[in-house]
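What follows is the content of protein_17.pdb (PDB, C-alpha atoms).
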```pdb
MODEL        1
ATOM      1  CA  MET E   1    -113.979-108.232 115.403
ATOM      2  CA  ALA E   2    -115.373-105.368 113.323
ATOM      3  CA  PHE E   3    -113.128-103.559 110.858
ATOM      4  CA  ALA E   4    -111.738-100.386 112.460
ATOM      5  CA  GLY E   5    -109.632 -98.998 109.620
ATOM      6  CA  ILE E   6    -106.019 -98.945 108.518
ATOM      7  CA  ALA E   7    -103.072 -99.199 110.921
ATOM      8  CA  LEU E   8     -99.533 -98.176 110.029
ATOM      9  CA  ILE E   9     -96.629 -99.957 111.705
ATOM     10  CA  GLY E  10     -92.876 -99.611 111.385
ATOM     11  CA  LEU E  11     -89.821 -98.143 113.056
ATOM     12  CA  ARG E  12     -89.656 -94.563 114.219
ATOM     13  CA  GLY E  13     -89.039 -92.399 111.183
ATOM     14  CA  ALA E  14     -90.922 -94.715 108.821
ATOM     15  CA  GLY E  15     -93.473 -92.003 108.039
ATOM     16  CA  LYS E  16     -96.417 -93.348 110.012
ATOM     17  CA  SER E  17     -97.572 -89.929 111.230
ATOM     18  CA  THR E  18     -96.781 -87.969 108.086
ATOM     19  CA  LEU E  19     -98.228 -90.490 105.652
ATOM     20  CA  GLY E  20    -101.045 -91.437 108.018
ATOM     21  CA  LYS E  21    -102.293 -87.846 108.156
ATOM     22  CA  LEU E  22    -102.112 -87.545 104.375
ATOM     23  CA  LEU E  23    -103.964 -90.834 103.905
ATOM     24  CA  ALA E  24    -106.660 -89.938 106.439
ATOM     25  CA  ASN E  25    -107.226 -86.575 104.746
ATOM     26  CA  GLN E  26    -107.355 -88.214 101.318
ATOM     27  CA  ILE E  27    -109.954 -90.834 102.278
ATOM     28  CA  GLY E  28    -111.883 -88.765 104.833
ATOM     29  CA  TRP E  29    -111.197 -90.921 107.880
ATOM     30  CA  ARG E  30    -110.097 -89.859 111.333
ATOM     31  CA  PHE E  31    -106.346 -89.904 112.050
ATOM     32  CA  VAL E  32    -105.127 -91.189 115.437
ATOM     33  CA  GLU E  33    -101.580 -91.437 116.763
ATOM     34  CA  LEU E  34    -101.783 -94.280 119.258
ATOM     35  CA  ASN E  35     -98.905 -93.106 121.495
ATOM     36  CA  LYS E  36    -100.412 -89.619 121.820
ATOM     37  CA  GLU E  37    -103.815 -91.134 122.561
ATOM     38  CA  ILE E  38    -102.294 -93.330 125.282
ATOM     39  CA  GLU E  39    -100.478 -90.364 126.810
ATOM     40  CA  ALA E  40    -103.659 -88.265 126.755
ATOM     41  CA  GLN E  41    -105.728 -91.027 128.381
ATOM     42  CA  ASN E  42    -103.110 -91.361 131.104
ATOM     43  CA  GLY E  43    -102.630 -87.629 131.631
ATOM     44  CA  LEU E  44     -99.039 -87.715 130.428
ATOM     45  CA  HIS E  45     -97.264 -85.183 128.283
ATOM     46  CA  ARG E  46     -93.982 -86.205 126.704
ATOM     47  CA  SER E  47     -91.340 -83.521 126.584
ATOM     48  CA  PRO E  48     -88.412 -83.641 124.178
ATOM     49  CA  ARG E  49     -86.210 -84.572 127.125
ATOM     50  CA  SER E  50     -88.259 -87.531 128.322
ATOM     51  CA  SER E  51     -86.667 -90.905 127.991
ATOM     52  CA  ARG E  52     -87.547 -93.518 125.410
ATOM     53  CA  CYS E  53     -88.533 -95.768 128.302
ATOM     54  CA  THR E  54     -91.460 -93.552 129.315
ATOM     55  CA  ALA E  55     -93.558 -94.549 126.339
ATOM     56  CA  ARG E  56     -92.638 -98.213 126.825
ATOM     57  CA  LYS E  57     -93.594 -98.141 130.505
ATOM     58  CA  VAL E  58     -96.900 -96.437 129.798
ATOM     59  CA  PHE E  59     -97.627 -98.725 126.888
ATOM     60  CA  GLY E  60     -96.674-101.820 128.831
ATOM     61  CA  ALA E  61     -99.044-100.845 131.621
ATOM     62  CA  TRP E  62    -101.847-100.138 129.195
ATOM     63  CA  SER E  63    -104.009-103.206 128.660
ATOM     64  CA  SER E  64    -105.275-104.410 125.297
ATOM     65  CA  GLN E  65    -108.808-103.891 126.611
ATOM     66  CA  ARG E  66    -108.167-100.149 127.021
ATOM     67  CA  SER E  67    -106.297 -99.859 123.733
ATOM     68  CA  GLY E  68    -109.303-101.316 121.952
ATOM     69  CA  SER E  69    -111.423 -98.459 123.269
ATOM     70  CA  VAL E  70    -109.418 -96.089 121.064
ATOM     71  CA  TRP E  71    -110.873 -97.669 117.945
ATOM     72  CA  ARG E  72    -114.201 -99.041 119.094
ATOM     73  CA  ALA E  73    -115.932 -95.900 117.891
ATOM     74  CA  SER E  74    -118.047 -96.341 114.767
ATOM     75  CA  GLU E  75    -115.810 -93.945 112.835
ATOM     76  CA  LEU E  76    -113.175 -95.584 110.628
ATOM     77  CA  MET E  77    -109.630 -94.387 111.232
ATOM     78  CA  VAL E  78    -106.052 -94.398 110.094
ATOM     79  CA  LEU E  79    -104.005 -95.424 113.138
ATOM     80  CA  ALA E  80    -100.308 -94.577 113.454
ATOM     81  CA  THR E  81     -98.772 -96.915 115.998
ATOM     82  CA  GLY E  82     -95.541 -96.613 117.918
ATOM     83  CA  GLY E  83     -92.600 -98.508 116.467
ATOM     84  CA  GLY E  84     -92.530-100.922 119.403
ATOM     85  CA  ILE E  85     -96.199-101.953 119.225
ATOM     86  CA  VAL E  86     -95.107-105.267 117.745
ATOM     87  CA  SER E  87     -93.397-106.039 121.071
ATOM     88  CA  GLU E  88     -96.741-105.926 122.885
ATOM     89  CA  PRO E  89     -98.301-109.236 121.723
ATOM     90  CA  LEU E  90    -101.857-108.733 123.012
ATOM     91  CA  THR E  91    -102.186-105.227 121.636
ATOM     92  CA  PHE E  92    -100.479-106.091 118.354
ATOM     93  CA  ASP E  93    -102.784-109.096 117.850
ATOM     94  CA  LEU E  94    -105.767-106.846 118.540
ATOM     95  CA  ILE E  95    -104.535-104.383 115.922
ATOM     96  CA  LEU E  96    -103.924-107.152 113.390
ATOM     97  CA  SER E  97    -107.452-108.481 113.908
ATOM     98  CA  SER E  98    -109.146-105.058 113.751
ATOM     99  CA  PHE E  99    -107.196-103.182 111.071
ATOM    100  CA  TYR E 100    -105.804-103.618 107.617
ATOM    101  CA  THR E 101    -102.200-103.255 108.773
ATOM    102  CA  ILE E 102     -99.423-101.804 106.622
ATOM    103  CA  TRP E 103     -95.725-101.955 107.414
ATOM    104  CA  LEU E 104     -94.027 -98.740 106.299
ATOM    105  CA  LYS E 105     -90.505 -99.856 105.568
ATOM    106  CA  ALA E 106     -87.324 -97.907 104.811
ATOM    107  CA  GLU E 107     -83.588 -98.356 105.011
ATOM    108  CA  PRO E 108     -82.029 -97.865 108.479
ATOM    109  CA  GLU E 109     -80.130 -94.798 107.270
ATOM    110  CA  GLU E 110     -83.404 -93.217 106.145
ATOM    111  CA  HIS E 111     -85.059 -93.925 109.493
ATOM    112  CA  MET E 112     -82.118 -92.251 111.226
ATOM    113  CA  ALA E 113     -82.138 -89.225 108.908
ATOM    114  CA  ARG E 114     -85.898 -88.744 109.264
ATOM    115  CA  VAL E 115     -85.758 -88.888 113.044
ATOM    116  CA  ARG E 116     -82.949 -86.335 113.018
ATOM    117  CA  ARG E 117     -84.957 -84.020 110.734
ATOM    118  CA  GLN E 118     -87.789 -84.241 113.276
ATOM    119  CA  GLY E 119     -85.345 -82.826 115.811
ATOM    120  CA  ASP E 120     -85.169 -85.946 117.981
ATOM    121  CA  LEU E 121     -81.490 -86.425 118.768
ATOM    122  CA  ARG E 122     -81.894 -88.534 121.931
ATOM    123  CA  PRO E 123     -80.852 -91.842 120.396
ATOM    124  CA  MET E 124     -78.127 -90.229 118.333
ATOM    125  CA  ALA E 125     -75.525 -89.343 120.964
ATOM    126  CA  ASP E 126     -73.053 -91.811 119.481
ATOM    127  CA  ASP E 127     -73.827 -92.047 115.781
ATOM    128  CA  ARG E 128     -72.026 -95.347 115.239
ATOM    129  CA  SER E 129     -73.659 -97.209 118.115
ATOM    130  CA  ALA E 130     -77.032 -95.596 117.360
ATOM    131  CA  MET E 131     -76.961 -96.936 113.807
ATOM    132  CA  GLN E 132     -75.976-100.402 115.015
ATOM    133  CA  GLU E 133     -78.766-100.320 117.602
ATOM    134  CA  LEU E 134     -81.250 -99.272 114.922
ATOM    135  CA  ARG E 135     -80.165-102.128 112.651
ATOM    136  CA  THR E 136     -80.456-104.592 115.540
ATOM    137  CA  ILE E 137     -83.944-103.372 116.443
ATOM    138  CA  LEU E 138     -85.076-103.555 112.825
ATOM    139  CA  LEU E 139     -83.656-107.045 112.401
ATOM    140  CA  SER E 140     -85.366-108.289 115.578
ATOM    141  CA  ARG E 141     -88.716-106.724 114.639
ATOM    142  CA  GLU E 142     -88.813-107.614 110.935
ATOM    143  CA  PRO E 143     -90.604-110.959 111.471
ATOM    144  CA  LEU E 144     -93.219-109.150 113.554
ATOM    145  CA  TYR E 145     -93.650-106.244 111.129
ATOM    146  CA  ALA E 146     -93.968-108.845 108.363
ATOM    147  CA  ARG E 147     -97.254-110.003 109.929
ATOM    148  CA  ALA E 148     -98.849-106.886 108.415
ATOM    149  CA  SER E 149    -101.388-107.265 105.630
ATOM    150  CA  ALA E 150     -99.175-105.262 103.252
ATOM    151  CA  VAL E 151     -95.779-103.583 103.010
ATOM    152  CA  VAL E 152     -95.089-100.148 101.552
ATOM    153  CA  ASP E 153     -91.393 -99.568 100.973
ATOM    154  CA  THR E 154     -90.749 -95.825 101.234
ATOM    155  CA  ALA E 155     -86.978 -96.076 100.689
ATOM    156  CA  GLY E 156     -85.761 -93.274  98.464
ATOM    157  CA  LEU E 157     -89.239 -91.840  97.900
ATOM    158  CA  THR E 158     -90.440 -88.291  98.400
ATOM    159  CA  VAL E 159     -93.351 -87.840 100.787
ATOM    160  CA  GLU E 160     -95.658 -87.347  97.801
ATOM    161  CA  ARG E 161     -94.526 -90.552  96.063
ATOM    162  CA  ALA E 162     -94.680 -92.533  99.308
ATOM    163  CA  ALA E 163     -98.214 -91.218  99.954
ATOM    164  CA  ALA E 164     -99.266 -92.196  96.423
ATOM    165  CA  ARG E 165     -97.847 -95.699  96.956
ATOM    166  CA  LEU E 166     -99.704 -95.977 100.273
ATOM    167  CA  ILE E 167    -102.977 -94.851  98.705
ATOM    168  CA  ASP E 168    -102.544 -97.403  95.896
ATOM    169  CA  THR E 169    -101.925-100.090  98.518
ATOM    170  CA  VAL E 170    -105.124 -99.337 100.440
ATOM    171  CA  ALA E 171    -107.328 -98.939  97.342
ATOM    172  CA  PRO E 172    -108.580-102.566  97.501
ATOM    173  CA  VAL E 173    -109.509-102.104 101.162
ATOM    174  CA  LEU E 174    -111.560 -99.045 100.307
ATOM    175  CA  SER E 175    -113.357-100.786  97.457
ATOM    176  CA  LYS E 176    -116.546-102.744  97.677
ATOM    177  CA  ASP E 177    -114.433-105.899  97.386
ATOM    178  CA  ALA E 178    -112.981-105.391 100.870
ATOM    179  CA  ARG E 179    -114.748-108.516 102.074
ATOM    180  CA  ALA E 180    -112.120-110.446 100.115
ATOM    181  CA  PHE E 181    -109.726-109.377 102.873
ATOM    182  CA  GLY E 182    -112.091-110.778 105.511
ATOM    183  CA  LEU E 183    -112.994-107.276 106.645
ATOM    184  CA  GLN E 184    -116.442-106.286 107.807
ATOM    185  CA  SER E 185    -118.090-103.057 106.627
ATOM    186  CA  ALA E 186    -114.884-101.598 105.216
ATOM    187  CA  ALA E 187    -116.631-100.065 102.240
ATOM    188  CA  SER E 188    -119.390 -98.391 104.208
TER     189      SER E 188
ENDMDL
END
```

structure tokens encoding of this file:
Amino acid sequence: MAFAGIALIGLRGAGKSTLGKLLANQIGWRFVELNKEIEAQNGLHRSPRSSRCTARKVFGAWSSQRSGSVWRASELMVLATGGGIVSEPLTFDLILSSFYTIWLKAEPEEHMARVRRQGDLRPMADDRSAMQELRTILLSREPLYARASAVVDTAGLTVERAAARLIDTVAPVLSKDARAFGLQSAAS
């Protein structure tokens, strides 16, 4: 499959959207948030009150064939995925085969704090159980996230330092030596 760009994976609050936008601007590629693209293609609009299950239901119904159409354009992109993409084997395999995939990793407490700063309090009704649920989700997904081509640990970093670390991580992909990663036309 042809190289489509760089995909960011990780739990909600990992910085996929924030860092993805910064990276895309820095390297001049298009930025795409996969969940928003799915919702737009299906005529859905998520409100702050919608349940977490809505995105899962939509995503689960969305075939890997249709998801591939998001990145089949000739324009390279930085793709921010939803945290649960790793639970959709066909789509996740398609992403792994089409993108240089980076796991944005942080401590559970940082994920929680970042989500709260974004104003999303839905999963936080009971702080103690929410933190335990977050730890459980992270633990169950770690082996899947670890399938990424690279890991960028953003724990304790400012946005600027995390962005710099991400840019350093993708530098080899952007170089003329990208074929060493088995990627096609990454440098063009």

Next item on the list: Name the residues that the PyMOL selection byres ((chain E and resi 85-90) around 8) pulls out of this structure, and write them as number ranges by chain.
Entry: E: 9, 60, 64, 81-84, 91-94, 141, 144-145

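With distances restricted to all atoms listed in the file, E:Ala7 is the closest residue to Val78 (chain E) from E:Ala7, E:Ala113, E:Leu19, E:Ile95.
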
Next item on the list: Apply the PyMOL selection byres ((chain E and resi 167) around 10) to the displayed file and report the matching residues as an NGL selection string.
Entry: :E and (19 or 22-24 or 26-27 or 152 or 161-166 or 168-172 or 174)

Next item on the list: Translate the PyMOL selection byres ((chain E and resi 99) around 9), as applied to the file shown, into an explicit residue set as an NGL selection string.
Entry: :E and (2-7 or 78-79 or 94-98 or 100-101 or 149 or 183)

Item checked: CA of Asn35 (chain E) to CA of Ala150 (chain E), distance in Å rounded to a single decimal -> 21.9 Å

Next item on the list: May I ask for the distance between CA of Glu142 (chain E) and CA of Leu11 (chain E), given in Å to one decimal place?
Entry: 9.8 Å

Note to self: Taking 2 positions as the minimum chain separation for residues in the same chain, which residues sit within 9 Å of Lys105 (chain E) when counting all atoms listed in the file? Answer as JSON, numbers by chain.
What the structure shows: {"E": [9, 10, 11, 14, 15, 103, 107, 111, 151, 152, 153, 154, 155]}

Next item on the list: Using CA of Leu157 (chain E) and CA of Ala106 (chain E) as the two end points, give the distance in Å to one decimal.
Entry: 9.4 Å

Next item on the list: Can you work out which one of E:Pro108, E:Ala148, E:Arg116, E:Lys21 has the shortest atom-to-atom distance to Thr136 (chain E), counting all atoms listed in the file?
Entry: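 The answer is E:Pro108, which sits nearest to Thr136 (chain E).
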
Next item on the list: Rank nothing, just name the residue among E:Val32, E:Leu76, E:Gln132, E:Gly13 nearest to Met112 (chain E), using all atoms listed in the file.
Entry: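 Going through E:Val32, E:Leu76, E:Gln132, E:Gly13 one by one, the smallest distance to Met112 (chain E) is for E:Gly13.
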
Next item on the list: Check the smallest atom-to-atom distance from each of E:Arg30, E:Glu160, E:Ser175, E:Glu109 to Glu133 (chain E) using all atoms listed in the file, then report the winner.
Entry: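 Going through E:Arg30, E:Glu160, E:Ser175, E:Glu109 one by one, the smallest distance to Glu133 (chain E) is for E:Glu109.
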